[in-house]
Structure formats: structure tokens, C-alpha cells
$ cat upload.cif   # mmCIF, C-alpha atoms and all ligand atoms
data_run
loop_
_atom_site.label_atom_id
_atom_site.label_comp_id
_atom_site.auth_asym_id
_atom_site.auth_seq_id
_atom_site.Cartn_x
_atom_site.Cartn_y
_atom_site.Cartn_z
CA MET A 30 0.00 0.00 0.00
CA ALA A 31 1.25 3.44 -0.94
CA ALA A 32 0.51 6.56 1.09
CA PRO A 33 -2.26 8.87 -0.18
CA THR A 34 -1.11 11.57 -2.59
CA ILE A 35 -2.55 14.71 -4.17
CA GLY A 36 -2.50 15.42 -7.90
CA VAL A 37 -3.11 18.80 -9.53
CA ASP A 38 -3.72 19.56 -13.19
CA VAL A 39 -2.93 23.20 -13.98
CA GLY A 40 -4.86 23.80 -17.19
CA GLY A 41 -5.32 26.96 -19.19
CA THR A 42 -8.71 27.61 -17.63
CA LYS A 43 -9.09 25.32 -14.63
CA LEU A 44 -7.22 23.82 -11.71
CA LEU A 45 -8.31 20.22 -11.13
CA THR A 46 -7.16 18.66 -7.86
CA VAL A 47 -7.63 15.05 -6.75
CA VAL A 48 -6.74 12.86 -3.78
CA LEU A 49 -5.52 9.34 -4.56
CA ASP A 50 -5.99 7.09 -1.55
CA ASP A 51 -3.61 4.38 -0.38
CA GLY A 52 -5.47 1.82 -2.49
CA GLY A 53 -5.18 3.87 -5.69
CA ALA A 54 -8.75 5.22 -5.85
CA VAL A 55 -9.70 8.88 -6.34
CA VAL A 56 -11.52 9.87 -3.15
CA ALA A 57 -11.82 13.66 -3.53
CA THR A 58 -11.90 16.13 -6.43
CA THR A 59 -12.04 19.93 -6.60
CA ARG A 60 -12.16 22.39 -9.50
CA HIS A 61 -11.20 26.06 -9.48
CA PRO A 62 -10.63 28.61 -12.24
CA THR A 63 -6.92 29.01 -13.07
CA PRO A 64 -5.80 32.38 -11.64
CA ARG A 65 -4.09 34.83 -14.01
CA GLY A 66 -0.62 36.17 -13.23
CA VAL A 67 2.43 34.59 -11.61
CA GLN A 68 1.82 35.12 -7.89
CA PRO A 69 -1.95 34.53 -8.08
CA LEU A 70 -1.29 31.30 -10.00
CA LEU A 71 1.17 29.94 -7.42
CA ASP A 72 -1.03 31.12 -4.54
CA GLY A 73 -4.07 29.54 -6.18
CA ILE A 74 -2.40 26.16 -6.71
CA ALA A 75 -1.10 26.14 -3.13
CA ALA A 76 -4.53 27.09 -1.78
CA ALA A 77 -6.24 24.32 -3.76
CA ILE A 78 -3.76 21.78 -2.39
CA THR A 79 -4.18 22.96 1.19
CA GLU A 80 -7.97 23.01 0.85
CA ILE A 81 -8.29 19.45 -0.44
CA ALA A 82 -5.70 18.11 2.03
CA THR A 83 -7.58 19.67 4.96
CA SER A 84 -11.03 18.56 3.81
CA SER A 85 -9.72 15.02 3.25
CA GLY A 86 -8.01 14.85 6.65
CA LEU A 87 -4.55 14.28 5.17
CA ASP A 88 -1.25 14.86 6.94
CA ALA A 89 0.49 18.20 6.38
CA ASP A 90 3.36 16.44 4.64
CA VAL A 91 1.27 14.60 2.01
CA ARG A 92 3.18 14.36 -1.27
CA VAL A 93 1.87 16.34 -4.23
CA GLY A 94 2.31 15.97 -7.99
CA VAL A 95 1.54 18.88 -10.29
CA GLY A 96 0.93 18.59 -14.03
CA VAL A 97 1.29 21.80 -16.03
CA ALA A 98 0.46 22.44 -19.68
CA GLY A 99 3.54 23.62 -21.57
CA LEU A 100 7.26 22.95 -21.63
CA VAL A 101 8.31 21.94 -18.12
CA ASP A 102 11.99 21.21 -17.52
CA ARG A 103 13.47 18.61 -15.17
CA ARG A 104 13.69 21.13 -12.30
CA GLY A 105 9.97 21.85 -12.48
CA VAL A 106 10.30 25.18 -14.24
CA LEU A 107 7.55 26.06 -16.73
CA ARG A 108 9.80 27.40 -19.47
CA HIS A 109 7.12 28.16 -22.03
CA GLY A 110 3.39 27.79 -21.61
CA PRO A 111 1.41 28.79 -24.70
CA ASN A 112 -1.83 28.29 -22.76
CA GLN A 113 -0.80 30.48 -19.80
CA PRO A 114 -0.70 34.00 -21.25
CA GLY A 115 2.26 36.09 -20.11
CA ILE A 116 3.92 33.27 -18.17
CA ARG A 117 7.47 32.24 -19.07
CA GLU A 118 10.33 30.76 -17.05
CA LEU A 119 8.14 30.23 -14.00
CA ASP A 120 9.74 28.03 -11.34
CA VAL A 121 6.55 26.23 -10.34
CA ARG A 122 8.27 23.65 -8.14
CA SER A 123 10.25 26.17 -6.07
CA GLY A 124 7.30 28.57 -5.87
CA LEU A 125 5.10 25.81 -4.45
CA ALA A 126 7.87 24.46 -2.21
CA GLU A 127 8.20 27.95 -0.63
CA ARG A 128 4.50 27.83 0.18
CA LEU A 129 4.06 24.15 1.07
CA GLY A 130 7.47 22.63 1.79
CA GLU A 131 9.65 20.20 -0.14
CA ARG A 132 7.03 17.65 -1.10
CA ILE A 133 6.16 18.81 -4.60
CA VAL A 134 7.01 17.26 -7.97
CA VAL A 135 6.11 18.97 -11.24
CA ASP A 136 5.85 17.59 -14.75
CA ASN A 137 4.15 18.29 -18.04
CA ASP A 138 0.41 17.52 -17.94
CA ALA A 139 0.47 15.08 -20.87
CA ASN A 140 3.36 13.14 -19.29
CA CYS A 141 1.09 12.76 -16.27
CA ALA A 142 -1.82 11.63 -18.47
CA LEU A 143 0.31 8.99 -20.22
CA ARG A 144 1.38 7.68 -16.82
CA VAL A 145 -2.30 6.89 -16.13
CA GLU A 146 -2.76 5.14 -19.48
CA LEU A 147 0.31 2.98 -18.76
CA GLU A 148 -0.79 2.20 -15.18
CA LEU A 149 -4.46 1.44 -15.74
CA GLY A 150 -5.63 2.69 -19.13
CA ALA A 151 -5.38 1.96 -22.82
CA ALA A 152 -1.61 1.37 -22.77
CA GLN A 153 -1.48 -1.27 -20.03
CA GLY A 154 1.05 -3.90 -20.98
CA ALA A 155 2.49 -1.81 -23.82
CA SER A 156 6.03 -0.48 -23.60
CA ASP A 157 6.39 1.87 -26.59
CA VAL A 158 3.52 4.32 -26.64
CA VAL A 159 2.78 7.83 -27.85
CA LEU A 160 -0.07 9.94 -26.49
CA ALA A 161 -1.42 12.88 -28.45
CA THR A 162 -4.28 14.82 -26.89
CA LEU A 163 -6.21 16.61 -29.60
CA GLY A 164 -7.90 19.49 -27.85
CA THR A 165 -7.70 23.23 -28.48
CA GLY A 166 -4.05 22.47 -29.26
CA ILE A 167 -2.15 19.17 -29.11
CA GLY A 168 -0.48 17.86 -25.98
CA GLY A 169 1.78 14.87 -26.13
CA ALA A 170 3.90 12.38 -24.30
CA VAL A 171 6.13 9.45 -25.24
CA ALA A 172 6.98 6.23 -23.41
CA VAL A 173 9.81 3.95 -24.51
CA GLY A 174 10.40 0.68 -22.70
CA GLY A 175 7.50 1.56 -20.39
CA ARG A 176 9.17 4.76 -19.12
CA ILE A 177 8.16 8.33 -19.89
CA VAL A 178 10.78 9.91 -22.16
CA ARG A 179 11.77 13.33 -20.83
CA GLY A 180 14.75 14.09 -23.06
CA ALA A 181 17.97 15.82 -22.06
CA ASN A 182 16.16 18.75 -20.46
CA GLY A 183 12.68 17.45 -19.74
CA MET A 184 11.10 18.81 -22.89
CA ALA A 185 10.62 15.69 -25.01
CA GLY A 186 7.18 14.67 -26.20
CA GLU A 187 5.72 17.82 -27.77
CA PRO A 188 4.46 16.52 -31.11
CA GLY A 189 1.98 19.37 -31.46
CA HIS A 190 4.77 21.74 -32.40
CA THR A 191 6.47 19.60 -35.01
CA MET A 192 6.31 21.68 -38.17
CA VAL A 193 4.34 20.03 -40.95
CA ASP A 194 4.20 23.08 -43.27
CA PRO A 195 6.79 25.88 -42.96
CA ASN A 196 4.44 28.12 -44.98
CA GLY A 197 1.41 27.17 -42.93
CA PRO A 198 -0.67 29.33 -40.62
CA PRO A 199 0.95 30.98 -37.58
CA CYS A 200 0.91 28.96 -34.37
CA VAL A 201 0.40 30.23 -30.81
CA CYS A 202 4.02 29.15 -30.15
CA GLY A 203 5.43 31.64 -32.66
CA LEU A 204 6.30 29.13 -35.39
CA ARG A 205 4.29 28.38 -38.51
CA GLY A 206 2.51 25.29 -39.72
CA CYS A 207 2.78 23.25 -36.51
CA TRP A 208 0.86 19.96 -36.47
CA GLU A 209 -1.56 21.44 -33.94
CA ARG A 210 -2.65 24.08 -36.46
CA TYR A 211 -4.31 21.14 -38.30
CA ALA A 212 -5.06 18.15 -36.07
CA SER A 213 -6.64 20.03 -33.14
CA GLY A 214 -9.98 21.64 -32.36
CA ALA A 215 -8.58 25.01 -33.40
CA GLY A 216 -7.18 23.44 -36.57
CA LEU A 217 -10.47 21.81 -37.47
CA ALA A 218 -12.33 25.08 -36.96
CA ARG A 219 -9.78 26.95 -39.11
CA MET A 220 -9.99 24.42 -41.94
CA ALA A 221 -13.79 24.58 -41.76
CA ARG A 222 -13.78 28.38 -41.92
CA ASP A 223 -11.45 28.22 -44.93
CA ALA A 224 -13.85 25.80 -46.65
CA ALA A 225 -16.82 28.03 -45.82
CA GLU A 226 -15.09 31.15 -47.18
CA VAL A 227 -14.92 29.54 -50.63
CA GLY A 228 -18.57 28.56 -50.57
CA ASN A 229 -18.53 25.07 -49.11
CA LEU A 230 -20.14 23.96 -45.87
CA ASP A 231 -23.58 25.49 -46.51
CA LEU A 232 -25.26 23.56 -43.69
CA VAL A 233 -22.52 24.40 -41.19
CA VAL A 234 -22.68 28.10 -42.08
CA GLU A 235 -26.45 27.97 -41.73
CA ARG A 236 -26.09 26.32 -38.30
CA VAL A 237 -23.94 29.21 -37.00
CA GLY A 238 -26.25 31.93 -38.28
CA GLY A 239 -24.55 32.70 -41.60
CA ASP A 240 -21.15 33.91 -40.38
CA PRO A 241 -18.28 31.57 -41.37
CA ALA A 242 -16.06 33.22 -38.73
CA ALA A 243 -18.34 31.76 -36.05
CA ILE A 244 -17.72 28.13 -37.05
CA ARG A 245 -16.32 25.87 -34.34
CA GLY A 246 -15.11 22.31 -34.63
CA GLU A 247 -18.25 21.05 -32.85
CA ASP A 248 -20.43 22.54 -35.59
CA VAL A 249 -18.62 20.57 -38.30
CA VAL A 250 -18.86 17.39 -36.25
CA GLU A 251 -22.59 17.76 -35.63
CA VAL A 252 -23.41 18.46 -39.28
CA ALA A 253 -21.22 15.55 -40.44
CA ARG A 254 -23.12 13.26 -38.07
CA GLN A 255 -26.29 14.26 -39.89
CA GLY A 256 -24.74 12.87 -43.06
CA ASP A 257 -23.55 16.05 -44.78
CA GLY A 258 -20.82 15.28 -47.32
CA GLN A 259 -19.22 18.74 -47.23
CA ALA A 260 -18.75 18.62 -43.47
CA GLN A 261 -17.46 15.06 -43.73
CA ALA A 262 -14.93 16.19 -46.36
CA VAL A 263 -13.48 18.70 -43.88
CA LEU A 264 -13.27 15.95 -41.25
CA ASP A 265 -11.58 13.63 -43.77
CA GLY A 266 -8.98 16.40 -44.19
CA PHE A 267 -8.64 16.58 -40.42
CA ALA A 268 -8.18 12.78 -40.33
CA TRP A 269 -5.46 12.98 -43.01
CA TRP A 270 -3.53 15.61 -41.03
CA THR A 271 -3.89 13.48 -37.92
CA ALA A 272 -2.45 10.51 -39.84
CA VAL A 273 0.45 12.67 -41.07
CA GLY A 274 1.44 13.62 -37.52
CA VAL A 275 1.08 10.04 -36.31
CA ALA A 276 3.21 8.84 -39.23
CA ASN A 277 5.97 11.31 -38.29
CA LEU A 278 5.91 10.00 -34.73
CA ALA A 279 5.91 6.39 -35.97
CA ALA A 280 8.85 7.03 -38.31
CA VAL A 281 10.95 8.17 -35.34
CA LEU A 282 9.65 5.98 -32.50
CA ASP A 283 7.93 2.89 -34.00
CA PRO A 284 5.36 2.73 -31.17
CA GLU A 285 2.99 -0.19 -30.85
CA VAL A 286 0.10 2.08 -30.00
CA VAL A 287 -0.65 5.77 -30.50
CA LEU A 288 -3.27 6.93 -28.03
CA LEU A 289 -5.43 9.82 -29.09
CA GLY A 290 -7.17 11.83 -26.40
CA GLY A 291 -8.52 15.33 -25.89
CA GLY A 292 -11.88 16.76 -26.89
CA LEU A 293 -11.67 15.57 -30.51
CA ILE A 294 -11.70 11.92 -29.47
CA ASP A 295 -15.32 12.44 -28.39
CA ALA A 296 -15.98 12.84 -32.14
CA ALA A 297 -13.94 9.76 -33.11
CA ASP A 298 -17.01 8.32 -34.89
CA VAL A 299 -16.60 10.86 -37.71
CA TRP A 300 -12.82 10.75 -38.26
CA LEU A 301 -10.83 8.04 -36.45
CA ASP A 302 -11.45 5.23 -38.98
CA GLU A 303 -10.43 7.56 -41.81
CA ALA A 304 -7.19 8.42 -39.95
CA ARG A 305 -6.49 4.68 -39.57
CA ARG A 306 -7.21 4.20 -43.28
CA GLN A 307 -4.88 7.06 -44.29
CA LEU A 308 -1.95 6.11 -42.06
CA PRO A 309 -0.40 3.57 -44.48
CA ASN A 310 -0.50 6.22 -47.23
CA VAL A 311 1.77 8.57 -45.29
CA LEU A 312 4.06 6.23 -43.32
CA VAL A 313 7.32 4.97 -44.80
CA ALA A 314 7.40 1.27 -45.71
CA ALA A 315 3.85 0.78 -44.51
CA GLY A 316 3.57 -2.54 -46.36
CA HIS A 317 6.67 -3.91 -44.65
CA ARG A 318 6.09 -3.12 -41.01
CA THR A 319 3.55 -3.52 -38.24
CA LEU A 320 1.61 -0.29 -38.13
CA PRO A 321 0.96 1.35 -34.77
CA ARG A 322 -2.60 0.91 -33.54
CA LEU A 323 -4.54 4.16 -33.30
CA GLU A 324 -6.68 3.94 -30.17
CA ALA A 325 -8.72 6.30 -28.04
CA ALA A 326 -7.13 7.07 -24.68
CA HIS A 327 -9.28 5.63 -21.88
CA HIS A 328 -8.97 8.51 -19.47
CA GLY A 329 -10.45 11.87 -20.36
CA SER A 330 -10.01 15.31 -18.88
CA GLY A 331 -9.22 13.94 -15.40
CA ALA A 332 -6.16 12.00 -16.55
CA ALA A 333 -3.52 14.66 -15.90
CA ALA A 334 -4.58 15.24 -12.27
CA LEU A 335 -4.76 11.51 -11.58
CA GLY A 336 -1.39 10.99 -13.29
CA ALA A 337 0.12 13.80 -11.22
CA ALA A 338 -1.00 11.92 -8.10
CA PHE A 339 0.72 8.78 -9.44
CA LEU A 340 3.81 10.92 -10.15
CA ALA A 341 3.86 12.00 -6.49
CA ARG A 342 3.99 8.33 -5.50
CA ASP A 343 6.84 7.49 -7.85
CA PRO A 344 8.63 10.61 -9.12
CA THR A 345 11.03 8.75 -11.44
ZN ZN A 401 3.50 25.64 -32.60
#
$ encode --input "upload.cif" --output "C-alpha cells"
Amino acid sequence: MAAPTIGVDVGGTKLLTVVLDDGGAVVATTRHPTPRGVQPLLDGIAAAITEIATSSGLDADVRVGVGVAGLVDRRGVLRHGPNQPGIRELDVRSGLAERLGERIVVDNDANCALRVELELGAAQGASDVVLATLGTGIGGAVAVGGRIVRGANGMAGEPGHTMVDPNGPPCVCGLRGCWERYASGAGLARMARDAAEVGNLDLVVERVGGDPAAIRGEDVVEVARQGDGQAQAVLDGFAWWTAVGVANLAAVLDPEVVLLGGGLIDAADVWLDEARRQLPNVLVAAGHRTLPRLEAAHHGSGAAALGAAFLARDPT
């Protein structure tokens, strides 16, 4: 039996905090809006940890794992967080240790989420796994030999910002044509708006009141589910871009499974089979290798907080 731990997921909009009991079950959960600004953010995370520890009757020295969206180095410094406006080079681990003591470990949120899939999710028993969470952007994590790959500095596993078109649209990270400009919710919405601007997607435009600029990914998904061919064509394009990114990962890592999570996986019925069908068309030597399986991640939006609690148990 392990001691209870706390896990925190610091997202762009919300702080999700959980308590993992000594048997490995989640026994408490809280949600708070993510505070804006450096000191309010650190104060807010520390307050959420103290609150849930107190209400759960935990000892003052309970270990805490924190998952943060963005590039987090091995010392627990958030070096670059595209989803946390104005925050760069923030030493999250030290800032929390000053407030709560030396019982904090910090990692990237997707690394935490992959930890859960390896422990008790869709990657159980697999050793070489890639996770890509297709949400507003793309988060990612890589496991080789059953261990999370952190790289020389802790920054490995960011497939969303691999460049797939140097002349492509600007990315929130400052580069152009990153994979997440295509195979994410924002990417799907952008491709749909582009299609609408040239006169396609009549039913989707109608659904949003006539203004193509108002189209969101969900609108395309809903209209495609009603059998509209134009909306489905946009989703087929989304599926192709997803396959391209997966193929790039497979060319480097040869994983046995690529787990796809994030909000877009809730719409897997209108694109995942097409992505599977396209993968051999964009992966080198597809006829002479075992292709990675494309599977939905089992754990949804709670995975990073739960994985952070696992991280606190075993911070290796
Ligand atoms: Zn980028």
C-alpha cells in the first residue's frame, strides 16, 4: 500500500485537484478557475492543495504531484506555456515548495496523463507508446520501454509543435505550420472556416447563423453526423492531417500504439477510422512493417490530475 497523494492539473482555464488514496482510488476532487498572473497562480495552486488536504483529513506532509500544460523542464520550471498567457520561465516547483514545503514534484500535464494510461488505461502492458491529446491544441507524451521519455532537459514529447508546413498558418508558439494548427480543435475550426469562405459547408454556415467566422469544430462534427458530405470532407482532411502527424511519430519511434485523447476523441465516430485508413498512405514502408494501432485514450479530462497523483507516488 502506498501513502495517499494529491495530484493537480494546472490547465489553461481550470485547476483540477484530486486525492488518490492508499489503495489507488480517487476519493476527492475539486475544481477552481486558473488564476491569471504569476503570484496569483502559485497562490491559487497552493490554496487548492491545502484546501483538499484539509477537507480530506490528510497529513500536512502529504506528497503532491503537479501537471502543467507547456514545456516543463526537469527542475519543475515552466519554461514556455502557450496556454498560460504572459507566463514564461516560472519556477513552479520552487514557488510551491516555498509555500508548502519540499514535497512537490512537477511535470508536463500530458506526461502525467500517459502515466495513467500505462498504469491502468489503454496502454497497459504496452512499452512503446505515444499519447497525443487533440484538444484546443495538441499535448503529447512518449513512453519507450515503459518509461516516460523526458529528453535531455525534460522537454521531449511535444508533437503538437512539429512543423508540418513551414508556410502554414501561424501557431500560438510563434512558429508556422505546426501539427496542432491542423489536427486540433482550433485546426479543425480553421480548416472549416477556410472551406466556408470559398462557398462550401452550406449547412454548417447555416447552423452558426450565416457567419463563417463563427464556425467551431463542434459545428462541423454535428453536421457531419447528420450525413452532410461537405462537413465530412473537412473531417476527412482533419483525419489525413492526424495521420500525417502520427506517421511522423511512428517514423521516429515505431510505437505499438498511438493513443489519441482530448476533446476531438469524443468525435472519433466521424474521423478516427479515416485516420487509420490514411496512415499507411503517409508512413514509410507501410507494407513492410507492423503499423501502430490508433486507439482512443481511456482517461479523459481527469487524466492529468490523476497521473500527477501517481507521479507524487513514484517521481522517477
Ligand atoms: Zn507551434
$ residues_near_point --input "upload.cif" --point "(11.9, 25.4, -15.2)" --cutoff "6 Å" --atoms "only C-alpha atoms" --output "JSON, numbers by chain"
{"A": [101, 102, 104, 105, 106, 107, 108, 118, 120]}
$ write_last_selection --input "upload.cif" --atoms "C-alpha atoms" --output "PDB file, in the coordinates of the input"
ATOM      1  CA  VAL A 101       8.310  21.940 -18.120  1.00  0.00           C
ATOM      2  CA  ASP A 102      11.990  21.210 -17.520  1.00  0.00           C
ATOM      3  CA  ARG A 104      13.690  21.130 -12.300  1.00  0.00           C
ATOM      4  CA  GLY A 105       9.970  21.850 -12.480  1.00  0.00           C
ATOM      5  CA  VAL A 106      10.300  25.180 -14.240  1.00  0.00           C
ATOM      6  CA  LEU A 107       7.550  26.060 -16.730  1.00  0.00           C
ATOM      7  CA  ARG A 108       9.800  27.400 -19.470  1.00  0.00           C
ATOM      8  CA  GLU A 118      10.330  30.760 -17.050  1.00  0.00           C
ATOM      9  CA  ASP A 120       9.740  28.030 -11.340  1.00  0.00           C
TER      10      ASP A 120
END
$ closest_residue --input "upload.cif" --among "A:Gly52, A:Gly66, A:Gly183, A:Pro198" --to "ligand ZN 401 (chain A)" --atoms "all atoms listed in the file"
A:Pro198
$ residues_near_ligand --input "upload.cif" --ligand "ligand ZN 401 (chain A)" --cutoff "10 Å" --atoms "only C-alpha atoms and all ligand atoms" --output "list in words"
Pro111, Gly166, Ile167, Glu187, Pro188, Gly189, His190, Thr191, Met192, Pro198, Pro199, Cys200, Val201, Cys202, Gly203, Leu204, Arg205, Gly206, Cys207, Trp208, Glu209 and Arg210 of chain A
$ residues_around --input "upload.cif" --residues "Gly169 (chain A)" --least-positions-apart "2" --cutoff "12 Å" --atoms "all atoms listed in the file" --output "MDAnalysis selection string"
chainID A and resid 98:100 137:144 158:164 166:167 171:172 177:179 184:191 208:209 274:275 278 287:291 326 333
$ closest_residue --input "upload.cif" --among "A:Asp295, A:Thr345, A:Gly331, A:Val273" --to "Thr59 (chain A)" --atoms "all atoms listed in the file"
A:Gly331
$ closest_residue --input "upload.cif" --among "A:Leu230, A:Val67, A:Ala338, A:Ala32" --to "Val95 (chain A)" --atoms "all atoms listed in the file"
A:Ala338
$ atom_distance --input "upload.cif" --atom1 "CA of Thr58 (chain A)" --atom2 "CA of Thr46 (chain A)"
5.6 Å
$ closest_residue --input "upload.cif" --among "A:Gly258, A:Tyr211, A:His327, A:Ala341" --to "Val193 (chain A)" --atoms "all atoms listed in the file"
A:Tyr211
$ residues_around --input "upload.cif" --residues "region 302-315 of chain A" --least-positions-apart "4" --cutoff "9 Å" --atoms "only C-alpha atoms" --output "JSON, numbers by chain"
{"A": [264, 265, 267, 268, 269, 270, 271, 272, 273, 275, 276, 277, 279, 280, 297, 298, 319, 320, 322, 323]}
$ closest_residue --input "upload.cif" --among "A:Asp50, A:Glu148, A:Val39, A:Gly174" --to "Gln113 (chain A)" --atoms "only C-alpha atoms"
A:Val39
$ closest_residue --input "upload.cif" --among "A:Leu44, A:Leu147, A:Leu217, A:Leu71" --to "Gly96 (chain A)" --atoms "all atoms listed in the file"
A:Leu44
$ atom_distance --input "upload.cif" --atom1 "CA of Val286 (chain A)" --atom2 "CA of Val173 (chain A)"
11.3 Å
$ atom_distance --input "upload.cif" --atom1 "CA of Gly214 (chain A)" --atom2 "CA of Ala243 (chain A)"
13.6 Å
$ residues_around --input "upload.cif" --residues "Ala218 (chain A)" --least-positions-apart "4" --cutoff "8 Å" --atoms "all atoms listed in the file" --output "JSON, numbers by chain"
{"A": [214, 222, 244, 245, 246, 249]}
$ residues_near_point --input "upload.cif" --point "(-3.8, 26.1, -6.2)" --cutoff "9 Å" --atoms "only C-alpha atoms" --output "list in words"
Val37, Val39, Leu44, Leu45, Thr46, His61, Thr63, Pro64, Pro69, Leu70, Leu71, Asp72, Gly73, Ile74, Ala75, Ala76, Ala77, Ile78, Thr79 and Glu80 of chain A
